[in-house]
>>> print(open('input-v2.pdb').read())   # PDB, N, CA and C atoms
ATOM      1  N   MET A   1       0.837  -1.171   0.000
ATOM      2  CA  MET A   1       0.000   0.000   0.000
ATOM      3  C   MET A   1       0.882   1.234   0.000
ATOM      4  N   SER A   2       0.473   2.246  -0.742
ATOM      5  CA  SER A   2       1.208   3.498  -0.744
ATOM      6  C   SER A   2       0.275   4.625  -0.330
ATOM      7  N   ILE A   3       0.846   5.730   0.027
ATOM      8  CA  ILE A   3       0.068   6.880   0.459
ATOM      9  C   ILE A   3       0.522   8.093  -0.350
ATOM     10  N   THR A   4      -0.431   8.820  -0.896
ATOM     11  CA  THR A   4      -0.091   9.986  -1.699
ATOM     12  C   THR A   4       0.381  11.115  -0.792
ATOM     13  N   PRO A   5       1.180  12.026  -1.321
ATOM     14  CA  PRO A   5       1.633  13.160  -0.505
ATOM     15  C   PRO A   5       0.477  13.993   0.051
ATOM     16  N   VAL A   6      -0.576  14.174  -0.737
ATOM     17  CA  VAL A   6      -1.721  14.960  -0.263
ATOM     18  C   VAL A   6      -2.414  14.240   0.887
ATOM     19  N   ALA A   7      -2.616  12.943   0.753
ATOM     20  CA  ALA A   7      -3.241  12.180   1.832
ATOM     21  C   ALA A   7      -2.359  12.183   3.077
ATOM     22  N   LEU A   8      -1.066  12.036   2.889
ATOM     23  CA  LEU A   8      -0.126  12.066   4.014
ATOM     24  C   LEU A   8      -0.232  13.399   4.752
ATOM     25  N   ALA A   9      -0.265  14.486   3.999
ATOM     26  CA  ALA A   9      -0.363  15.812   4.615
ATOM     27  C   ALA A   9      -1.699  15.988   5.336
ATOM     28  N   SER A  10      -2.767  15.512   4.726
ATOM     29  CA  SER A  10      -4.101  15.662   5.324
ATOM     30  C   SER A  10      -4.236  14.864   6.610
ATOM     31  N   ILE A  11      -3.785  13.632   6.579
ATOM     32  CA  ILE A  11      -3.867  12.775   7.769
ATOM     33  C   ILE A  11      -2.982  13.332   8.876
ATOM     34  N   THR A  12      -1.787  13.762   8.503
ATOM     35  CA  THR A  12      -0.864  14.346   9.483
ATOM     36  C   THR A  12      -1.493  15.580  10.124
ATOM     37  N   ALA A  13      -2.126  16.423   9.310
ATOM     38  CA  ALA A  13      -2.777  17.628   9.838
ATOM     39  C   ALA A  13      -3.910  17.263  10.788
ATOM     40  N   ALA A  14      -4.715  16.276  10.415
ATOM     41  CA  ALA A  14      -5.841  15.876  11.264
ATOM     42  C   ALA A  14      -5.365  15.363  12.617
ATOM     43  N   VAL A  15      -4.355  14.520  12.602
ATOM     44  CA  VAL A  15      -3.825  13.979  13.860
ATOM     45  C   VAL A  15      -3.198  15.101  14.688
ATOM     46  N   SER A  16      -2.513  16.017  14.034
ATOM     47  CA  SER A  16      -1.885  17.142  14.737
ATOM     48  C   SER A  16      -2.928  18.029  15.402
ATOM     49  N   VAL A  17      -4.016  18.326  14.689
ATOM     50  CA  VAL A  17      -5.088  19.147  15.257
ATOM     51  C   VAL A  17      -5.683  18.454  16.478
ATOM     52  N   LEU A  18      -6.006  17.177  16.331
ATOM     53  CA  LEU A  18      -6.603  16.448  17.441
ATOM     54  C   LEU A  18      -5.647  16.362  18.630
ATOM     55  N   GLY A  19      -4.384  16.061  18.353
ATOM     56  CA  GLY A  19      -3.400  15.968  19.436
ATOM     57  C   GLY A  19      -3.230  17.285  20.174
ATOM     58  N   THR A  20      -3.212  18.361  19.421
ATOM     59  CA  THR A  20      -3.073  19.679  20.039
ATOM     60  C   THR A  20      -4.297  20.011  20.884
ATOM     61  N   GLU A  21      -5.494  19.699  20.370
ATOM     62  CA  GLU A  21      -6.711  19.927  21.156
ATOM     63  C   GLU A  21      -6.681  19.100  22.442
ATOM     64  N   TYR A  22      -6.251  17.852  22.322
ATOM     65  CA  TYR A  22      -6.176  16.982  23.493
ATOM     66  C   TYR A  22      -5.197  17.546  24.526
ATOM     67  N   LEU A  23      -4.017  17.935  24.065
ATOM     68  CA  LEU A  23      -2.996  18.420  24.990
ATOM     69  C   LEU A  23      -3.373  19.758  25.627
ATOM     70  N   LYS A  24      -4.208  20.546  24.941
ATOM     71  CA  LYS A  24      -4.684  21.809  25.509
ATOM     72  C   LYS A  24      -5.865  21.593  26.447
ATOM     73  N   GLY A  25      -6.395  20.359  26.475
ATOM     74  CA  GLY A  25      -7.520  20.047  27.340
ATOM     75  C   GLY A  25      -8.867  20.460  26.768
ATOM     76  N   ILE A  26      -8.936  20.701  25.448
ATOM     77  CA  ILE A  26     -10.203  21.141  24.851
ATOM     78  C   ILE A  26     -10.817  20.085  23.929
ATOM     79  N   ALA A  27     -10.264  18.888  23.914
ATOM     80  CA  ALA A  27     -10.820  17.811  23.086
ATOM     81  C   ALA A  27     -12.120  17.305  23.700
ATOM     82  N   THR A  28     -13.051  16.920  22.836
ATOM     83  CA  THR A  28     -14.304  16.319  23.302
ATOM     84  C   THR A  28     -14.015  14.926  23.853
ATOM     85  N   ASP A  29     -15.032  14.298  24.438
ATOM     86  CA  ASP A  29     -14.852  12.922  24.904
ATOM     87  C   ASP A  29     -14.488  12.005  23.740
ATOM     88  N   ALA A  30     -15.145  12.221  22.588
ATOM     89  CA  ALA A  30     -14.814  11.432  21.395
ATOM     90  C   ALA A  30     -13.378  11.689  20.978
ATOM     91  N   GLY A  31     -12.951  12.932  21.068
ATOM     92  CA  GLY A  31     -11.579  13.277  20.716
ATOM     93  C   GLY A  31     -10.566  12.631  21.647
ATOM     94  N   LYS A  32     -10.895  12.580  22.916
ATOM     95  CA  LYS A  32      -9.994  11.950  23.891
ATOM     96  C   LYS A  32      -9.854  10.461  23.604
ATOM     97  N   GLY A  33     -10.972   9.814  23.323
ATOM     98  CA  GLY A  33     -10.935   8.393  23.002
ATOM     99  C   GLY A  33     -10.176   8.119  21.718
ATOM    100  N   THR A  34     -10.395   8.974  20.729
ATOM    101  CA  THR A  34      -9.699   8.822  19.454
ATOM    102  C   THR A  34      -8.205   9.036  19.633
ATOM    103  N   TRP A  35      -7.831  10.020  20.423
ATOM    104  CA  TRP A  35      -6.408  10.279  20.669
ATOM    105  C   TRP A  35      -5.752   9.061  21.335
ATOM    106  N   SER A  36      -6.443   8.442  22.270
ATOM    107  CA  SER A  36      -5.908   7.227  22.901
ATOM    108  C   SER A  36      -5.709   6.124  21.868
ATOM    109  N   GLY A  37      -6.679   5.988  20.946
ATOM    110  CA  GLY A  37      -6.561   4.996  19.880
ATOM    111  C   GLY A  37      -5.414   5.292  18.936
ATOM    112  N   ILE A  38      -5.211   6.575  18.636
ATOM    113  CA  ILE A  38      -4.104   6.981  17.761
ATOM    114  C   ILE A  38      -2.769   6.650  18.418
ATOM    115  N   LYS A  39      -2.647   6.981  19.691
ATOM    116  CA  LYS A  39      -1.403   6.676  20.401
ATOM    117  C   LYS A  39      -1.126   5.175  20.386
ATOM    118  N   ALA A  40      -2.155   4.375  20.598
ATOM    119  CA  ALA A  40      -1.984   2.921  20.593
ATOM    120  C   ALA A  40      -1.587   2.434  19.199
ATOM    121  N   LEU A  41      -2.205   2.994  18.174
ATOM    122  CA  LEU A  41      -1.906   2.607  16.795
ATOM    123  C   LEU A  41      -0.446   2.878  16.439
ATOM    124  N   PHE A  42       0.056   4.016  16.893
ATOM    125  CA  PHE A  42       1.449   4.370  16.619
ATOM    126  C   PHE A  42       2.428   3.773  17.636
ATOM    127  N   GLY A  43       1.911   3.186  18.708
ATOM    128  CA  GLY A  43       2.776   2.604  19.724
ATOM    129  C   GLY A  43       3.412   3.638  20.636
ATOM    130  N   TRP A  44       2.778   4.809  20.752
ATOM    131  CA  TRP A  44       3.302   5.866  21.618
ATOM    132  C   TRP A  44       2.887   5.572  23.049
ATOM    133  N   THR A  45       3.826   5.603  23.968
ATOM    134  CA  THR A  45       3.522   5.351  25.373
ATOM    135  C   THR A  45       3.237   6.643  26.130
ATOM    136  N   SER A  46       3.600   7.767  25.537
ATOM    137  CA  SER A  46       3.316   9.063  26.152
ATOM    138  C   SER A  46       2.914  10.047  25.054
ATOM    139  N   ASP A  47       2.379  11.169  25.463
ATOM    140  CA  ASP A  47       1.960  12.186  24.508
ATOM    141  C   ASP A  47       3.170  12.970  24.010
ATOM    142  N   PRO A  48       3.338  13.053  22.688
ATOM    143  CA  PRO A  48       4.420  13.885  22.182
ATOM    144  C   PRO A  48       4.062  15.366  22.337
ATOM    145  N   ALA A  49       5.057  16.217  22.318
ATOM    146  CA  ALA A  49       4.801  17.660  22.349
ATOM    147  C   ALA A  49       4.079  18.037  21.057
ATOM    148  N   PRO A  50       3.201  19.048  21.100
ATOM    149  CA  PRO A  50       2.466  19.435  19.893
ATOM    150  C   PRO A  50       3.359  19.658  18.672
ATOM    151  N   ALA A  51       4.510  20.260  18.864
ATOM    152  CA  ALA A  51       5.415  20.526  17.745
ATOM    153  C   ALA A  51       6.012  19.249  17.154
ATOM    154  N   GLU A  52       6.033  18.165  17.923
ATOM    155  CA  GLU A  52       6.603  16.895  17.456
ATOM    156  C   GLU A  52       5.597  16.018  16.718
ATOM    157  N   ILE A  53       4.308  16.282  16.909
ATOM    158  CA  ILE A  53       3.275  15.401  16.360
ATOM    159  C   ILE A  53       3.359  15.267  14.838
ATOM    160  N   PRO A  54       3.411  16.369  14.071
ATOM    161  CA  PRO A  54       3.433  16.206  12.607
ATOM    162  C   PRO A  54       4.574  15.331  12.105
ATOM    163  N   GLU A  55       5.763  15.551  12.620
ATOM    164  CA  GLU A  55       6.918  14.762  12.176
ATOM    165  C   GLU A  55       6.770  13.292  12.560
ATOM    166  N   LYS A  56       6.316  13.035  13.779
ATOM    167  CA  LYS A  56       6.141  11.648  14.226
ATOM    168  C   LYS A  56       5.095  10.920  13.376
ATOM    169  N   VAL A  57       3.990  11.602  13.068
ATOM    170  CA  VAL A  57       2.931  10.989  12.258
ATOM    171  C   VAL A  57       3.428  10.734  10.846
ATOM    172  N   ALA A  58       4.027  11.745  10.228
ATOM    173  CA  ALA A  58       4.514  11.603   8.847
ATOM    174  C   ALA A  58       5.571  10.511   8.744
ATOM    175  N   THR A  59       6.460  10.452   9.696
ATOM    176  CA  THR A  59       7.506   9.430   9.695
ATOM    177  C   THR A  59       6.900   8.037   9.818
ATOM    178  N   ALA A  60       5.955   7.882  10.738
ATOM    179  CA  ALA A  60       5.322   6.572  10.952
ATOM    180  C   ALA A  60       4.517   6.142   9.734
ATOM    181  N   LEU A  61       3.772   7.063   9.111
ATOM    182  CA  LEU A  61       2.966   6.714   7.945
ATOM    183  C   LEU A  61       3.822   6.424   6.727
ATOM    184  N   THR A  62       4.929   7.111   6.593
ATOM    185  CA  THR A  62       5.844   6.850   5.483
ATOM    186  C   THR A  62       6.481   5.470   5.635
ATOM    187  N   ALA A  63       6.848   5.121   6.868
ATOM    188  CA  ALA A  63       7.469   3.826   7.127
ATOM    189  C   ALA A  63       6.460   2.683   7.052
ATOM    190  N   SER A  64       5.218   2.935   7.486
ATOM    191  CA  SER A  64       4.178   1.897   7.510
ATOM    192  C   SER A  64       2.871   2.468   6.970
ATOM    193  N   PRO A  65       2.748   2.614   5.647
ATOM    194  CA  PRO A  65       1.538   3.210   5.084
ATOM    195  C   PRO A  65       0.263   2.415   5.364
ATOM    196  N   ASP A  66       0.397   1.140   5.734
ATOM    197  CA  ASP A  66      -0.785   0.341   6.055
ATOM    198  C   ASP A  66      -1.511   0.863   7.294
ATOM    199  N   ILE A  67      -0.840   1.638   8.122
ATOM    200  CA  ILE A  67      -1.462   2.235   9.299
ATOM    201  C   ILE A  67      -2.499   3.271   8.879
ATOM    202  N   ALA A  68      -2.333   3.868   7.705
ATOM    203  CA  ALA A  68      -3.216   4.950   7.258
ATOM    204  C   ALA A  68      -4.674   4.523   7.230
ATOM    205  N   GLU A  69      -4.952   3.333   6.754
ATOM    206  CA  GLU A  69      -6.337   2.865   6.669
ATOM    207  C   GLU A  69      -6.972   2.775   8.054
ATOM    208  N   LYS A  70      -6.253   2.216   9.008
ATOM    209  CA  LYS A  70      -6.765   2.098  10.371
ATOM    210  C   LYS A  70      -6.935   3.484  11.000
ATOM    211  N   LEU A  71      -5.983   4.355  10.726
ATOM    212  CA  LEU A  71      -6.023   5.707  11.259
ATOM    213  C   LEU A  71      -7.210   6.489  10.696
ATOM    214  N   LEU A  72      -7.429   6.367   9.396
ATOM    215  CA  LEU A  72      -8.579   7.020   8.776
ATOM    216  C   LEU A  72      -9.888   6.515   9.357
ATOM    217  N   GLU A  73      -9.993   5.215   9.537
ATOM    218  CA  GLU A  73     -11.207   4.634  10.109
ATOM    219  C   GLU A  73     -11.448   5.180  11.505
ATOM    220  N   LEU A  74     -10.405   5.280  12.282
ATOM    221  CA  LEU A  74     -10.504   5.801  13.642
ATOM    222  C   LEU A  74     -10.951   7.260  13.637
ATOM    223  N   LEU A  75     -10.349   8.063  12.788
ATOM    224  CA  LEU A  75     -10.693   9.482  12.723
ATOM    225  C   LEU A  75     -12.102   9.712  12.175
ATOM    226  N   LYS A  76     -12.500   8.914  11.197
ATOM    227  CA  LYS A  76     -13.821   9.090  10.595
ATOM    228  C   LYS A  76     -14.947   8.557  11.478
ATOM    229  N   SER A  77     -14.696   7.503  12.228
ATOM    230  CA  SER A  77     -15.761   6.856  12.995
ATOM    231  C   SER A  77     -16.135   7.616  14.254
ATOM    232  N   ASN A  78     -15.261   8.473  14.720
ATOM    233  CA  ASN A  78     -15.535   9.259  15.923
ATOM    234  C   ASN A  78     -15.616  10.726  15.538
ATOM    235  N   GLN A  79     -16.720  11.350  15.830
ATOM    236  CA  GLN A  79     -16.909  12.756  15.468
ATOM    237  C   GLN A  79     -16.030  13.628  16.362
ATOM    238  N   THR A  80     -14.828  13.890  15.878
ATOM    239  CA  THR A  80     -13.850  14.634  16.665
ATOM    240  C   THR A  80     -13.761  16.095  16.254
ATOM    241  N   GLY A  81     -14.713  16.570  15.478
ATOM    242  CA  GLY A  81     -14.709  17.974  15.078
ATOM    243  C   GLY A  81     -13.801  18.215  13.891
ATOM    244  N   THR A  82     -12.856  19.102  14.053
ATOM    245  CA  THR A  82     -11.975  19.511  12.958
ATOM    246  C   THR A  82     -11.189  18.344  12.386
ATOM    247  N   ALA A  83     -10.673  17.475  13.228
ATOM    248  CA  ALA A  83      -9.879  16.344  12.735
ATOM    249  C   ALA A  83     -10.700  15.447  11.824
ATOM    250  N   THR A  84     -11.949  15.179  12.190
ATOM    251  CA  THR A  84     -12.826  14.356  11.353
ATOM    252  C   THR A  84     -13.140  15.074  10.052
ATOM    253  N   ALA A  85     -13.361  16.377  10.124
ATOM    254  CA  ALA A  85     -13.664  17.153   8.919
ATOM    255  C   ALA A  85     -12.501  17.127   7.937
ATOM    256  N   ILE A  86     -11.286  17.144   8.434
ATOM    257  CA  ILE A  86     -10.111  17.156   7.559
ATOM    258  C   ILE A  86     -10.007  15.871   6.755
ATOM    259  N   VAL A  87     -10.306  14.729   7.351
ATOM    260  CA  VAL A  87     -10.154  13.447   6.660
ATOM    261  C   VAL A  87     -11.465  12.905   6.111
ATOM    262  N   GLY A  88     -12.531  13.639   6.249
ATOM    263  CA  GLY A  88     -13.840  13.162   5.829
ATOM    264  C   GLY A  88     -13.955  12.797   4.367
ATOM    265  N   LYS A  89     -13.117  13.325   3.513
ATOM    266  CA  LYS A  89     -13.188  13.058   2.075
ATOM    267  C   LYS A  89     -12.070  12.137   1.597
ATOM    268  N   ILE A  90     -11.321  11.548   2.503
ATOM    269  CA  ILE A  90     -10.241  10.639   2.129
ATOM    270  C   ILE A  90     -10.761   9.215   2.184
ATOM    271  N   GLU A  91     -10.511   8.436   1.136
ATOM    272  CA  GLU A  91     -10.943   7.045   1.091
ATOM    273  C   GLU A  91      -9.768   6.151   0.745
ATOM    274  N   VAL A  92      -9.860   4.895   1.155
ATOM    275  CA  VAL A  92      -8.866   3.897   0.813
ATOM    276  C   VAL A  92      -9.485   2.993  -0.232
ATOM    277  N   SER A  93      -8.786   2.803  -1.348
ATOM    278  CA  SER A  93      -9.325   2.005  -2.440
ATOM    279  C   SER A  93      -8.213   1.188  -3.081
ATOM    280  N   GLY A  94      -8.368  -0.119  -3.097
ATOM    281  CA  GLY A  94      -7.396  -0.983  -3.766
ATOM    282  C   GLY A  94      -5.988  -0.895  -3.221
ATOM    283  N   GLY A  95      -5.841  -0.702  -1.921
ATOM    284  CA  GLY A  95      -4.515  -0.674  -1.328
ATOM    285  C   GLY A  95      -3.799   0.659  -1.442
ATOM    286  N   LYS A  96      -4.482   1.694  -1.947
ATOM    287  CA  LYS A  96      -3.883   3.020  -2.035
ATOM    288  C   LYS A  96      -4.772   4.020  -1.308
ATOM    289  N   VAL A  97      -4.162   4.948  -0.627
ATOM    290  CA  VAL A  97      -4.914   6.021  -0.021
ATOM    291  C   VAL A  97      -5.004   7.119  -1.068
ATOM    292  N   VAL A  98      -6.222   7.491  -1.423
ATOM    293  CA  VAL A  98      -6.424   8.521  -2.441
ATOM    294  C   VAL A  98      -7.384   9.574  -1.936
ATOM    295  N   ILE A  99      -7.299  10.757  -2.499
ATOM    296  CA  ILE A  99      -8.240  11.812  -2.175
ATOM    297  C   ILE A  99      -9.456  11.627  -3.065
ATOM    298  N   ALA A 100     -10.623  11.454  -2.463
ATOM    299  CA  ALA A 100     -11.839  11.168  -3.209
ATOM    300  C   ALA A 100     -12.518  12.434  -3.699
ATOM    301  N   ASN A 101     -12.263  13.527  -3.082
ATOM    302  CA  ASN A 101     -12.923  14.772  -3.447
ATOM    303  C   ASN A 101     -12.013  15.918  -3.032
ATOM    304  N   THR A 102     -12.527  16.862  -2.309
ATOM    305  CA  THR A 102     -11.720  17.985  -1.867
ATOM    306  C   THR A 102     -11.655  17.997  -0.355
ATOM    307  N   ILE A 103     -10.696  18.702   0.160
ATOM    308  CA  ILE A 103     -10.569  18.862   1.593
ATOM    309  C   ILE A 103     -10.924  20.308   1.905
ATOM    310  N   THR A 104     -11.862  20.490   2.798
ATOM    311  CA  THR A 104     -12.315  21.812   3.161
ATOM    312  C   THR A 104     -11.727  22.185   4.502
ATOM    313  N   THR A 105     -11.165  23.369   4.589
ATOM    314  CA  THR A 105     -10.624  23.831   5.867
ATOM    315  C   THR A 105     -11.500  24.944   6.398
ATOM    316  N   LEU A 106     -11.504  25.100   7.676
ATOM    317  CA  LEU A 106     -12.279  26.153   8.307
ATOM    318  C   LEU A 106     -11.395  27.370   8.498
ATOM    319  N   GLN A 107     -11.881  28.519   8.108
ATOM    320  CA  GLN A 107     -11.160  29.770   8.306
ATOM    321  C   GLN A 107     -11.589  30.369   9.625
ATOM    322  N   MET A 108     -10.644  30.669  10.484
ATOM    323  CA  MET A 108     -10.992  31.248  11.792
ATOM    324  C   MET A 108     -10.483  32.654  11.865
TER     325      MET A 108
END
>>> encode(input="input-v2.pdb", output="structure tokens")
Amino acid sequence: MSITPVALASITAAVSVLGTEYLKGIATDAGKGTWSGIKALFGWTSDPAPAEIPEKVATALTASPDIAEKLLELLKSNQTGTATAIVGKIEVSGGKVVIANTITTLQM
């Protein structure tokens, strides 16, 4: 399985947003549960610093792109707000992670 650069960036951004919300203490209950699942998926025993999350996610997904499908399922199945919205249009098809449509970002 391979992961496209756009999908890699989108997934990394979603995990980073959720991790930052969790570490700031503003994640929903669904977000907290999802963050625990993400940490388990990546084998993290502690929370990385917010600035470290993007690099850790990108490195792990590049080394093991098969994690992307499980990660997407986790992010999509739990309504985590912004993180779910970021990956809502990403689908896995035939062993490749592809962008199915567009990714919409919220302007604040």
>>> resolve_selection(input="input-v2.pdb", expression="the PyMOL selection byres (((chain A and resi 57 and name CA) around 10) and name CA)", output="list of chain:residue names")
A:Leu8, A:Ala9, A:Ile11, A:Thr12, A:Ala13, A:Val15, A:Ser16, A:Ile38, A:Phe42, A:Glu52, A:Ile53, A:Pro54, A:Glu55, A:Lys56, A:Ala58, A:Thr59, A:Ala60, A:Leu61, A:Thr62, A:Ala63, A:Ala68
>>> atom_distance(input="input-v2.pdb", atom1="atom CA of Glu73 of chain A", atom2="atom CA of Gly19 of chain A")
16.6 Å
>>> axis_aligned_box(input="input-v2.pdb", around="segment 56-74 of chain A", padding_each_side="8 Å", output="lines of an AutoDock Vina configuration file")
center_x = -2.0
center_y = 6.7
center_z = 9.7
size_x = 35.0
size_y = 28.7
size_z = 25.1
>>> closest_residue(input="input-v2.pdb", among="A:Pro5, A:Lys70, A:Ala51, A:Thr45", to="Val17 of chain A", atoms="only C-alpha atoms")
A:Ala51
>>> atom_distance(input="input-v2.pdb", atom1="atom CA of Ser77 of chain A", atom2="atom CA of Gly43 of chain A")
20.2 Å
>>> closest_residue(input="input-v2.pdb", among="A:Ala40, A:Ala7, A:Ala49, A:Thr34", to="Leu74 of chain A", atoms="only N, CA and C atoms")
A:Thr34
>>> atom_distance(input="input-v2.pdb", atom1="atom CA of Ser46 of chain A", atom2="atom CA of Ser10 of chain A")
23.1 Å
>>> closest_residue(input="input-v2.pdb", among="A:Leu41, A:Trp35, A:Asp47, A:Thr28", to="Ser64 of chain A", atoms="only C-alpha atoms")
A:Leu41
